[in-house]
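Report on one structure; see the data block that follows.
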Amino acid sequence: MTDNASKPKIDLHMHTTLSDGKLTPTELVRLLAERDVSIAAISDHDSTEGLDEAFAAATAHPGLRLVPAIEISADHPTDTKGDIHMLGYFLDYQQEAFQAKLLSFREDREYRGYHMVQRLAEQGYSVDWERVKAIAADAGIGRPHIAQALVERGYIAQVRDAFDGLLNDDGIAFVDRRHISTRDAVDLIRGVGGVAVLAHPVFLPDYRDVIATLPDLGVEGIEVHYAEFDSELRKELGELADRYGLLQCGGSDYHAMGYDGENLPGTAGPPLEVLEELERRAKSRSS
Ligand code: AMP
Ligand code: ZN
Ligand code: FE
Ligand code: FE
């Protein structure tokens, strides 16, 4: 057996049509199996609505194990701009109060999406709100859905161009929305037996300060093995994780956008020991 064959492919971060990914849960599960991913976490933004379908699809692929997950947007006290993204793993996600909370986040997304479409119109970018809702379909409305409508109208060439002055955090049509605090996001995740992990830390300008605050908030890991991070960044994040006693997690953050060089499922993720430790911690609290 080669070294590679003995190492399971693990990827703990990806999205489906239930947030801003382009593949349905069933399609994504099929791709995971094709790519020989052995352990995967679907982590849609503010939603676990894709998980039942994904688990059902995965029964056809005995070599693939799914971990129930989510990615929740939150405001962090020491972070001045934008939102942080908190991943949650091993969630007992069907609990009613949890689902009610997620539904309220998706409702806030709709309200905020409507206002961004109005801002765009004021700036001469006319996109149809009904079209944005149709693009989002079963997902809470996110900027990538509005961006898709801008692509369809020919204002921009691809979705990511919308984050270059229009919909990015200081773009002319950006509208913020109410977020829960990091602490509340962590409590929500832990309240359903989950383990909280900070997503892509270096997207935050002050990530070193943010990471220092995590242990006191009940966050147990940070993404280190993130597909987009080079080895130097992973080394720095690994050292920060060790300093603060945080697990080193990660994944591809696959959205199936079809960009050249897009990081595919299974291209990044933590070693098996980390996954086992996440699971051990979740189990120790649920019993
Ligand atoms: P929202 O949740 O509506 O605030 O939209 C944020 C989402 O937009 C992120 O989770 C990414 O999926 C996507 N996104 C953010 N920045 C960029 C970017 N520069 N290029 C492409 N997608 C982005
Ligand atoms: Zn996303
Ligand atoms: Fe994210
Ligand atoms: Fe993500």
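Starting from 1 in every chain, residues are counted up; chains themselves are A, B, ... following the order of the structure tokens, and ligands are numbered from 1 as listed.
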Using only C-alpha atoms, determine which residues lie at most 9 Å from stretch 72-78 of chain A, disregarding the query and same-chain residues fewer than 3 positions distant; provide the list as a ChimeraX atom specification. /A:43-47,81-88,102,178-185,206,209-210,213
From stretch 128-195 of chain A, collect each residue whose DSSP state is alpha helix (DSSP H) and return the set as a PyMOL selection string. chain A and resi 129-136+143-152+182-191
Nearby residues (only C-alpha atoms) at most 7 Å from stretch 238-245 of chain A, same-chain spacing under 4 positions excluded, as JSON, numbers by chain: {"A": [212, 215, 222, 224, 234]}
Store the residues of this selection in a file with N, CA, C and O atoms, as a compact mmCIF listing (two decimals), in the first residue's frame.
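out_19.txt, written as the output of this step:
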```txt
# COMPACT_ATOMS: atom_id res chain seq x y z
N ALA A 212 -6.71 34.59 19.58
CA ALA A 212 -6.38 34.63 21.01
C ALA A 212 -7.63 34.60 21.89
O ALA A 212 -7.58 34.14 23.03
N PRO A 215 -10.35 30.40 22.84
CA PRO A 215 -10.54 29.39 23.89
C PRO A 215 -11.58 29.81 24.93
O PRO A 215 -12.42 29.01 25.33
N ILE A 222 -9.44 25.79 14.75
CA ILE A 222 -9.42 26.76 13.64
C ILE A 222 -9.05 26.01 12.37
O ILE A 222 -8.43 24.95 12.41
N VAL A 224 -6.80 25.29 9.52
CA VAL A 224 -5.38 25.42 9.17
C VAL A 224 -5.17 24.80 7.78
O VAL A 224 -4.57 25.39 6.91
N ARG A 234 -0.20 28.01 6.57
CA ARG A 234 -0.61 26.85 7.38
C ARG A 234 0.34 26.67 8.56
O ARG A 234 -0.07 26.29 9.65
```
Using only C-alpha atoms and all ligand atoms, which residues of the polymer chains come no farther than 7 Å from ligand 3? I'd like the answer as a PyMOL selection string. chain A and resi 71+85+199-200
How close does stretch 153-263 of chain A get to stretch 112-134 of chain A? List, as JSON lines, each residue of stretch 153-263 of chain A within 8 Å, its nearest atom pair and the distance in Å to one decimal, counting only C-alpha atoms.
```
{"residue": "A:Arg153", "atom": "CA", "partner": "A:Val127", "partner_atom": "CA", "distance": 7.1}
{"residue": "A:Tyr155", "atom": "CA", "partner": "A:Tyr125", "partner_atom": "CA", "distance": 7.3}
{"residue": "A:Leu166", "atom": "CA", "partner": "A:Leu120", "partner_atom": "CA", "distance": 7.9}
{"residue": "A:Ile172", "atom": "CA", "partner": "A:Arg119", "partner_atom": "CA", "distance": 7.7}
{"residue": "A:Ala173", "atom": "CA", "partner": "A:Arg119", "partner_atom": "CA", "distance": 5.0}
{"residue": "A:Phe174", "atom": "CA", "partner": "A:Met116", "partner_atom": "CA", "distance": 6.0}
{"residue": "A:Val175", "atom": "CA", "partner": "A:Met116", "partner_atom": "CA", "distance": 5.7}
{"residue": "A:Asp176", "atom": "CA", "partner": "A:Arg112", "partner_atom": "CA", "distance": 6.9}
{"residue": "A:Arg177", "atom": "CA", "partner": "A:Arg112", "partner_atom": "CA", "distance": 6.0}
```
Produce a file of the selected residues containing N, CA, C and O atoms, as an mmCIF file, in the first residue's frame.
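File written: selection.cif
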```cif
data_model
loop_
_atom_site.group_PDB
_atom_site.id
_atom_site.type_symbol
_atom_site.label_atom_id
_atom_site.label_comp_id
_atom_site.auth_asym_id
_atom_site.auth_seq_id
_atom_site.Cartn_x
_atom_site.Cartn_y
_atom_site.Cartn_z
ATOM 1 N N ARG A 153 -27.432 39.388 -16.178
ATOM 2 C CA ARG A 153 -27.774 40.651 -16.841
ATOM 3 C C ARG A 153 -26.595 41.246 -17.602
ATOM 4 O O ARG A 153 -26.717 42.312 -18.196
ATOM 5 N N TYR A 155 -23.789 42.484 -16.397
ATOM 6 C CA TYR A 155 -23.046 43.559 -15.734
ATOM 7 C C TYR A 155 -21.631 43.124 -15.363
ATOM 8 O O TYR A 155 -20.710 43.934 -15.323
ATOM 9 N N LEU A 166 -18.731 46.083 -5.769
ATOM 10 C CA LEU A 166 -20.189 46.143 -5.660
ATOM 11 C C LEU A 166 -20.678 45.541 -4.344
ATOM 12 O O LEU A 166 -21.308 46.220 -3.531
ATOM 13 N N ILE A 172 -20.196 49.325 -3.027
ATOM 14 C CA ILE A 172 -21.222 50.382 -3.053
ATOM 15 C C ILE A 172 -22.637 49.861 -2.809
ATOM 16 O O ILE A 172 -23.515 50.630 -2.441
ATOM 17 N N ALA A 173 -22.877 48.575 -3.005
ATOM 18 C CA ALA A 173 -24.234 48.061 -2.787
ATOM 19 C C ALA A 173 -24.308 47.115 -1.594
ATOM 20 O O ALA A 173 -25.319 46.442 -1.379
ATOM 21 N N PHE A 174 -23.252 47.097 -0.787
ATOM 22 C CA PHE A 174 -23.247 46.169 0.359
ATOM 23 C C PHE A 174 -24.213 46.621 1.442
ATOM 24 O O PHE A 174 -24.291 47.793 1.765
ATOM 25 N N VAL A 175 -24.941 45.693 1.978
ATOM 26 C CA VAL A 175 -25.792 45.944 3.142
ATOM 27 C C VAL A 175 -25.452 44.864 4.168
ATOM 28 O O VAL A 175 -25.386 43.681 3.824
ATOM 29 N N ASP A 176 -25.230 45.289 5.389
ATOM 30 C CA ASP A 176 -24.934 44.320 6.451
ATOM 31 C C ASP A 176 -26.242 43.779 7.012
ATOM 32 O O ASP A 176 -27.311 44.285 6.705
ATOM 33 N N ARG A 177 -26.146 42.747 7.803
ATOM 34 C CA ARG A 177 -27.358 42.284 8.478
ATOM 35 C C ARG A 177 -27.010 42.003 9.926
ATOM 36 O O ARG A 177 -25.830 41.924 10.287
#
```
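Note that atom CA of A:Phe105 and atom CA of A:Gly194 are 18.6 Å apart.
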Would you kindly return, as a CSV table (one decimal) with N, CA, C and O atoms, in the first residue's frame, each protein, DNA or RNA residue with an atom no farther than 8 Å from any atom of A:Tyr254, considering only C-alpha atoms and excluding same-chain residues fewer than 3 positions away?
```csv
chain,number,residue,atom,x,y,z
A,13,HIS,N,-15.2,21.0,4.9
A,13,HIS,CA,-15.8,22.3,4.5
A,13,HIS,C,-16.3,22.3,3.1
A,13,HIS,O,-15.4,22.3,2.2
A,14,MET,N,-17.6,22.4,2.9
A,14,MET,CA,-18.1,22.5,1.5
A,14,MET,C,-19.6,22.9,1.5
A,14,MET,O,-20.2,22.8,2.5
A,15,HIS,N,-20.0,23.4,0.4
A,15,HIS,CA,-21.4,24.0,0.3
A,15,HIS,C,-22.2,23.4,-0.9
A,15,HIS,O,-21.7,22.9,-1.8
A,21,GLY,N,-23.6,27.0,-2.8
A,21,GLY,CA,-23.0,26.1,-3.7
A,21,GLY,C,-23.8,25.8,-4.9
A,21,GLY,O,-25.0,26.1,-4.9
A,262,GLU,N,-10.4,26.0,-9.3
A,262,GLU,CA,-11.2,25.9,-8.1
A,262,GLU,C,-10.8,24.7,-7.3
A,262,GLU,O,-10.5,23.6,-7.9
A,263,ASN,N,-10.7,24.9,-6.0
A,263,ASN,CA,-10.2,23.7,-5.1
A,263,ASN,C,-11.4,22.7,-5.0
A,263,ASN,O,-12.4,23.0,-4.5
A,264,LEU,N,-11.1,21.5,-5.5
A,264,LEU,CA,-12.1,20.5,-5.5
A,264,LEU,C,-12.3,19.8,-4.2
A,264,LEU,O,-11.3,19.8,-3.4
A,265,PRO,N,-13.4,19.1,-4.0
A,265,PRO,CA,-13.6,18.3,-2.7
A,265,PRO,C,-12.4,17.3,-2.5
A,265,PRO,O,-12.0,16.7,-3.5
```
Would you please extract all strand (DSSP E or B) residues from stretch 18-47 of chain A, as assigned by DSSP on the backbone, and give them as a list in words? Val37, Ser38, Ile39, Ala40, Ala41, Ile42 and His45 of chain A
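Going from atom CA of A:Ala57 to atom CA of A:Arg281 covers 26.8 Å.
Coordinates place atom CA of A:Glu49 at a distance of 15.3 Å from atom 1 (Fe, counted along the ligand's line) of ligand 4.
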Check which residues of chain A sit at most 7 Å from ligand 1 using only C-alpha atoms and all ligand atoms, and return one row each with the closest pair of atoms and their distance in Å to one decimal, ordered by chain and rising number, as a Markdown table.
```
| residue | atom | partner | partner_atom_place_in_ligand_line | distance |
| --- | --- | --- | --- | --- |
| A:Asp20 | CA | ligand 1 | 12 (O) | 6.2 |
| A:His45 | CA | ligand 1 | 2 (O) | 6.9 |
| A:Ile141 | CA | ligand 1 | 3 (O) | 6.5 |
| A:Gly142 | CA | ligand 1 | 3 (O) | 3.2 |
| A:Arg143 | CA | ligand 1 | 3 (O) | 3.9 |
| A:Pro144 | CA | ligand 1 | 8 (O) | 5.3 |
| A:Val159 | CA | ligand 1 | 21 (C) | 6.5 |
| A:Arg160 | CA | ligand 1 | 21 (C) | 4.0 |
| A:Phe163 | CA | ligand 1 | 19 (N) | 4.8 |
| A:Asn168 | CA | ligand 1 | 16 (N) | 6.5 |
```
Deliver the residues from the most recent selection as a file, using all heavy atoms, as an mmCIF file, in the first residue's frame.
```cif
data_model
loop_
_atom_site.group_PDB
_atom_site.id
_atom_site.type_symbol
_atom_site.label_atom_id
_atom_site.label_comp_id
_atom_site.auth_asym_id
_atom_site.auth_seq_id
_atom_site.Cartn_x
_atom_site.Cartn_y
_atom_site.Cartn_z
ATOM 1 N N ASP A 20 -24.835 28.619 -0.857
ATOM 2 C CA ASP A 20 -24.402 29.244 -2.106
ATOM 3 C C ASP A 20 -23.535 28.344 -2.975
ATOM 4 O O ASP A 20 -22.795 28.829 -3.828
ATOM 5 C CB ASP A 20 -23.700 30.577 -1.829
ATOM 6 C CG ASP A 20 -22.553 30.443 -0.827
ATOM 7 O OD1 ASP A 20 -22.295 29.319 -0.368
ATOM 8 O OD2 ASP A 20 -21.918 31.467 -0.520
ATOM 9 N N HIS A 45 -24.046 27.547 4.710
ATOM 10 C CA HIS A 45 -24.194 28.776 5.494
ATOM 11 C C HIS A 45 -25.576 28.799 6.158
ATOM 12 O O HIS A 45 -26.602 28.753 5.474
ATOM 13 C CB HIS A 45 -24.073 30.014 4.599
ATOM 14 C CG HIS A 45 -22.757 30.151 3.894
ATOM 15 N ND1 HIS A 45 -21.614 30.550 4.535
ATOM 16 C CD2 HIS A 45 -22.400 29.936 2.607
ATOM 17 C CE1 HIS A 45 -20.617 30.588 3.661
ATOM 18 N NE2 HIS A 45 -21.067 30.208 2.493
ATOM 19 N N ILE A 141 -30.742 33.728 1.094
ATOM 20 C CA ILE A 141 -30.125 34.541 0.038
ATOM 21 C C ILE A 141 -28.765 35.078 0.474
ATOM 22 O O ILE A 141 -28.631 35.682 1.540
ATOM 23 C CB ILE A 141 -31.081 35.676 -0.379
ATOM 24 C CG1 ILE A 141 -32.261 35.050 -1.140
ATOM 25 C CG2 ILE A 141 -30.357 36.718 -1.244
ATOM 26 C CD1 ILE A 141 -33.409 35.964 -1.405
ATOM 27 N N GLY A 142 -27.779 34.840 -0.363
ATOM 28 C CA GLY A 142 -26.421 35.312 -0.096
ATOM 29 C C GLY A 142 -25.940 36.164 -1.256
ATOM 30 O O GLY A 142 -26.528 36.154 -2.339
ATOM 31 N N ARG A 143 -24.845 36.858 -1.012
ATOM 32 C CA ARG A 143 -24.306 37.720 -2.061
ATOM 33 C C ARG A 143 -24.014 36.967 -3.365
ATOM 34 O O ARG A 143 -24.220 37.519 -4.443
ATOM 35 C CB ARG A 143 -23.065 38.449 -1.541
ATOM 36 C CG ARG A 143 -23.431 39.565 -0.586
ATOM 37 C CD ARG A 143 -22.205 40.262 -0.045
ATOM 38 N NE ARG A 143 -21.651 39.557 1.112
ATOM 39 C CZ ARG A 143 -20.517 39.899 1.707
ATOM 40 N NH1 ARG A 143 -19.801 40.908 1.226
ATOM 41 N NH2 ARG A 143 -20.090 39.248 2.764
ATOM 42 N N PRO A 144 -23.547 35.707 -3.288
ATOM 43 C CA PRO A 144 -23.296 35.006 -4.555
ATOM 44 C C PRO A 144 -24.555 34.842 -5.422
ATOM 45 O O PRO A 144 -24.453 34.803 -6.654
ATOM 46 C CB PRO A 144 -22.749 33.648 -4.107
ATOM 47 C CG PRO A 144 -22.124 33.925 -2.768
ATOM 48 C CD PRO A 144 -23.031 34.933 -2.137
ATOM 49 N N VAL A 159 -19.289 35.472 -11.039
ATOM 50 C CA VAL A 159 -19.771 35.785 -9.690
ATOM 51 C C VAL A 159 -18.731 36.523 -8.858
ATOM 52 O O VAL A 159 -19.032 37.506 -8.183
ATOM 53 C CB VAL A 159 -20.238 34.485 -8.985
ATOM 54 C CG1 VAL A 159 -20.381 34.679 -7.489
ATOM 55 C CG2 VAL A 159 -21.560 34.011 -9.589
ATOM 56 N N ARG A 160 -17.476 36.080 -8.933
ATOM 57 C CA ARG A 160 -16.499 36.691 -8.030
ATOM 58 C C ARG A 160 -16.226 38.159 -8.362
ATOM 59 O O ARG A 160 -15.750 38.906 -7.512
ATOM 60 C CB ARG A 160 -15.215 35.879 -7.972
ATOM 61 C CG ARG A 160 -14.474 35.728 -9.272
ATOM 62 C CD ARG A 160 -13.213 34.906 -9.005
ATOM 63 N NE ARG A 160 -12.689 34.338 -10.225
ATOM 64 C CZ ARG A 160 -11.867 33.305 -10.273
ATOM 65 N NH1 ARG A 160 -11.514 32.707 -9.158
ATOM 66 N NH2 ARG A 160 -11.419 32.842 -11.405
ATOM 67 N N PHE A 163 -17.501 40.909 -6.078
ATOM 68 C CA PHE A 163 -16.817 41.226 -4.815
ATOM 69 C C PHE A 163 -15.662 42.202 -5.046
ATOM 70 O O PHE A 163 -14.768 42.338 -4.230
ATOM 71 C CB PHE A 163 -16.333 39.932 -4.146
ATOM 72 C CG PHE A 163 -17.482 39.089 -3.663
ATOM 73 C CD1 PHE A 163 -18.065 38.130 -4.487
ATOM 74 C CD2 PHE A 163 -18.011 39.282 -2.396
ATOM 75 C CE1 PHE A 163 -19.149 37.378 -4.049
ATOM 76 C CE2 PHE A 163 -19.088 38.533 -1.948
ATOM 77 C CZ PHE A 163 -19.659 37.579 -2.779
ATOM 78 N N ASN A 168 -18.738 43.461 -2.106
ATOM 79 C CA ASN A 168 -17.788 43.203 -1.012
ATOM 80 C C ASN A 168 -18.112 44.112 0.173
ATOM 81 O O ASN A 168 -18.900 45.048 0.034
ATOM 82 C CB ASN A 168 -16.339 43.392 -1.483
ATOM 83 C CG ASN A 168 -16.134 44.643 -2.287
ATOM 84 O OD1 ASN A 168 -16.708 44.755 -3.379
ATOM 85 N ND2 ASN A 168 -15.366 45.574 -1.770
#
```
Residues at most 10 Å from A:Arg30, counting only C-alpha atoms, excluding those fewer than 2 positions away in the same chain, as a list in words? Thr24, Pro25, Thr26, Glu27, Leu28, Leu32, Ala33, Glu34, Arg35, Asp36, Ala54, Ala57, Ala58, Ala60, His61 and Leu64 of chain A
Residues near A:Gln99, anyone? I mean within 12 Å using only C-alpha atoms, not counting same-chain ones fewer than 3 positions away, as a PDB file with N, CA, C and O atoms, in the first residue's frame.
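To be explicit, this is the file written out as around-v3.pdb:
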```pdb
ATOM      1  N   ASP A  46     -25.596  28.901   7.471  1.00  0.00           N
ATOM      2  CA  ASP A  46     -26.826  29.105   8.243  1.00  0.00           C
ATOM      3  C   ASP A  46     -27.916  28.074   7.932  1.00  0.00           C
ATOM      4  O   ASP A  46     -29.108  28.390   8.077  1.00  0.00           O
ATOM      5  N   SER A  47     -27.546  26.892   7.493  1.00  0.00           N
ATOM      6  CA  SER A  47     -28.560  25.898   7.121  1.00  0.00           C
ATOM      7  C   SER A  47     -28.027  24.473   7.243  1.00  0.00           C
ATOM      8  O   SER A  47     -26.884  24.196   6.881  1.00  0.00           O
ATOM      9  N   THR A  48     -28.899  23.606   7.738  1.00  0.00           N
ATOM     10  CA  THR A  48     -28.595  22.167   7.698  1.00  0.00           C
ATOM     11  C   THR A  48     -29.614  21.451   6.804  1.00  0.00           C
ATOM     12  O   THR A  48     -29.742  20.235   6.855  1.00  0.00           O
ATOM     13  N   GLU A  49     -30.307  22.253   5.976  1.00  0.00           N
ATOM     14  CA  GLU A  49     -31.413  21.706   5.170  1.00  0.00           C
ATOM     15  C   GLU A  49     -30.947  20.680   4.141  1.00  0.00           C
ATOM     16  O   GLU A  49     -31.751  19.917   3.627  1.00  0.00           O
ATOM     17  N   ILE A  70     -22.240  22.767   9.786  1.00  0.00           N
ATOM     18  CA  ILE A  70     -22.844  24.048   9.400  1.00  0.00           C
ATOM     19  C   ILE A  70     -21.751  25.117   9.400  1.00  0.00           C
ATOM     20  O   ILE A  70     -20.676  24.895   9.977  1.00  0.00           O
ATOM     21  N   LEU A  91     -23.258  17.857  14.762  1.00  0.00           N
ATOM     22  CA  LEU A  91     -24.443  18.500  15.320  1.00  0.00           C
ATOM     23  C   LEU A  91     -25.600  17.525  15.392  1.00  0.00           C
ATOM     24  O   LEU A  91     -25.848  16.768  14.451  1.00  0.00           O
ATOM     25  N   ASP A  92     -26.327  17.590  16.482  1.00  0.00           N
ATOM     26  CA  ASP A  92     -27.614  16.903  16.561  1.00  0.00           C
ATOM     27  C   ASP A  92     -28.632  17.895  15.967  1.00  0.00           C
ATOM     28  O   ASP A  92     -29.381  18.545  16.671  1.00  0.00           O
ATOM     29  N   TYR A  93     -28.583  18.015  14.631  1.00  0.00           N
ATOM     30  CA  TYR A  93     -29.137  19.201  13.972  1.00  0.00           C
ATOM     31  C   TYR A  93     -30.652  19.248  13.899  1.00  0.00           C
ATOM     32  O   TYR A  93     -31.220  20.281  13.586  1.00  0.00           O
ATOM     33  N   GLN A  94     -31.316  18.123  14.187  1.00  0.00           N
ATOM     34  CA  GLN A  94     -32.773  18.144  14.031  1.00  0.00           C
ATOM     35  C   GLN A  94     -33.520  18.830  15.179  1.00  0.00           C
ATOM     36  O   GLN A  94     -34.731  19.013  15.090  1.00  0.00           O
ATOM     37  N   GLN A  95     -32.814  19.212  16.219  1.00  0.00           N
ATOM     38  CA  GLN A  95     -33.513  19.847  17.347  1.00  0.00           C
ATOM     39  C   GLN A  95     -34.264  21.102  16.908  1.00  0.00           C
ATOM     40  O   GLN A  95     -33.723  21.943  16.187  1.00  0.00           O
ATOM     41  N   GLU A  96     -35.502  21.209  17.413  1.00  0.00           N
ATOM     42  CA  GLU A  96     -36.417  22.252  16.915  1.00  0.00           C
ATOM     43  C   GLU A  96     -35.946  23.681  17.152  1.00  0.00           C
ATOM     44  O   GLU A  96     -36.044  24.525  16.261  1.00  0.00           O
ATOM     45  N   LEU A 102     -32.017  28.930  12.925  1.00  0.00           N
ATOM     46  CA  LEU A 102     -31.451  28.977  11.568  1.00  0.00           C
ATOM     47  C   LEU A 102     -32.436  29.599  10.591  1.00  0.00           C
ATOM     48  O   LEU A 102     -32.058  30.373   9.701  1.00  0.00           O
ATOM     49  N   LEU A 103     -33.711  29.291  10.783  1.00  0.00           N
ATOM     50  CA  LEU A 103     -34.735  29.859   9.912  1.00  0.00           C
ATOM     51  C   LEU A 103     -34.745  31.387  10.050  1.00  0.00           C
ATOM     52  O   LEU A 103     -34.842  32.114   9.056  1.00  0.00           O
ATOM     53  N   SER A 104     -34.591  31.869  11.272  1.00  0.00           N
ATOM     54  CA  SER A 104     -34.596  33.327  11.463  1.00  0.00           C
ATOM     55  C   SER A 104     -33.377  33.958  10.785  1.00  0.00           C
ATOM     56  O   SER A 104     -33.468  35.049  10.233  1.00  0.00           O
ATOM     57  N   PHE A 105     -32.248  33.270  10.777  1.00  0.00           N
ATOM     58  CA  PHE A 105     -31.075  33.811  10.068  1.00  0.00           C
ATOM     59  C   PHE A 105     -31.366  33.912   8.570  1.00  0.00           C
ATOM     60  O   PHE A 105     -30.992  34.886   7.911  1.00  0.00           O
ATOM     61  N   ARG A 106     -32.029  32.889   8.041  1.00  0.00           N
ATOM     62  CA  ARG A 106     -32.294  32.895   6.598  1.00  0.00           C
ATOM     63  C   ARG A 106     -33.327  33.963   6.247  1.00  0.00           C
ATOM     64  O   ARG A 106     -33.261  34.573   5.174  1.00  0.00           O
ATOM     65  N   LEU A 188     -24.875  28.075  20.317  1.00  0.00           N
ATOM     66  CA  LEU A 188     -25.861  27.415  19.452  1.00  0.00           C
ATOM     67  C   LEU A 188     -25.316  26.061  18.983  1.00  0.00           C
ATOM     68  O   LEU A 188     -26.018  25.042  19.015  1.00  0.00           O
ATOM     69  N   ILE A 189     -24.062  26.062  18.556  1.00  0.00           N
ATOM     70  CA  ILE A 189     -23.426  24.835  18.068  1.00  0.00           C
ATOM     71  C   ILE A 189     -23.268  23.830  19.212  1.00  0.00           C
ATOM     72  O   ILE A 189     -23.636  22.657  19.090  1.00  0.00           O
ATOM     73  N   GLY A 191     -24.898  23.774  21.923  1.00  0.00           N
ATOM     74  CA  GLY A 191     -26.236  23.416  22.428  1.00  0.00           C
ATOM     75  C   GLY A 191     -26.835  22.210  21.723  1.00  0.00           C
ATOM     76  O   GLY A 191     -27.730  21.551  22.260  1.00  0.00           O
ATOM     77  N   VAL A 192     -26.384  21.923  20.504  1.00  0.00           N
ATOM     78  CA  VAL A 192     -26.844  20.709  19.816  1.00  0.00           C
ATOM     79  C   VAL A 192     -25.691  19.695  19.732  1.00  0.00           C
ATOM     80  O   VAL A 192     -25.603  18.908  18.791  1.00  0.00           O
TER      81      VAL A 192
END
```
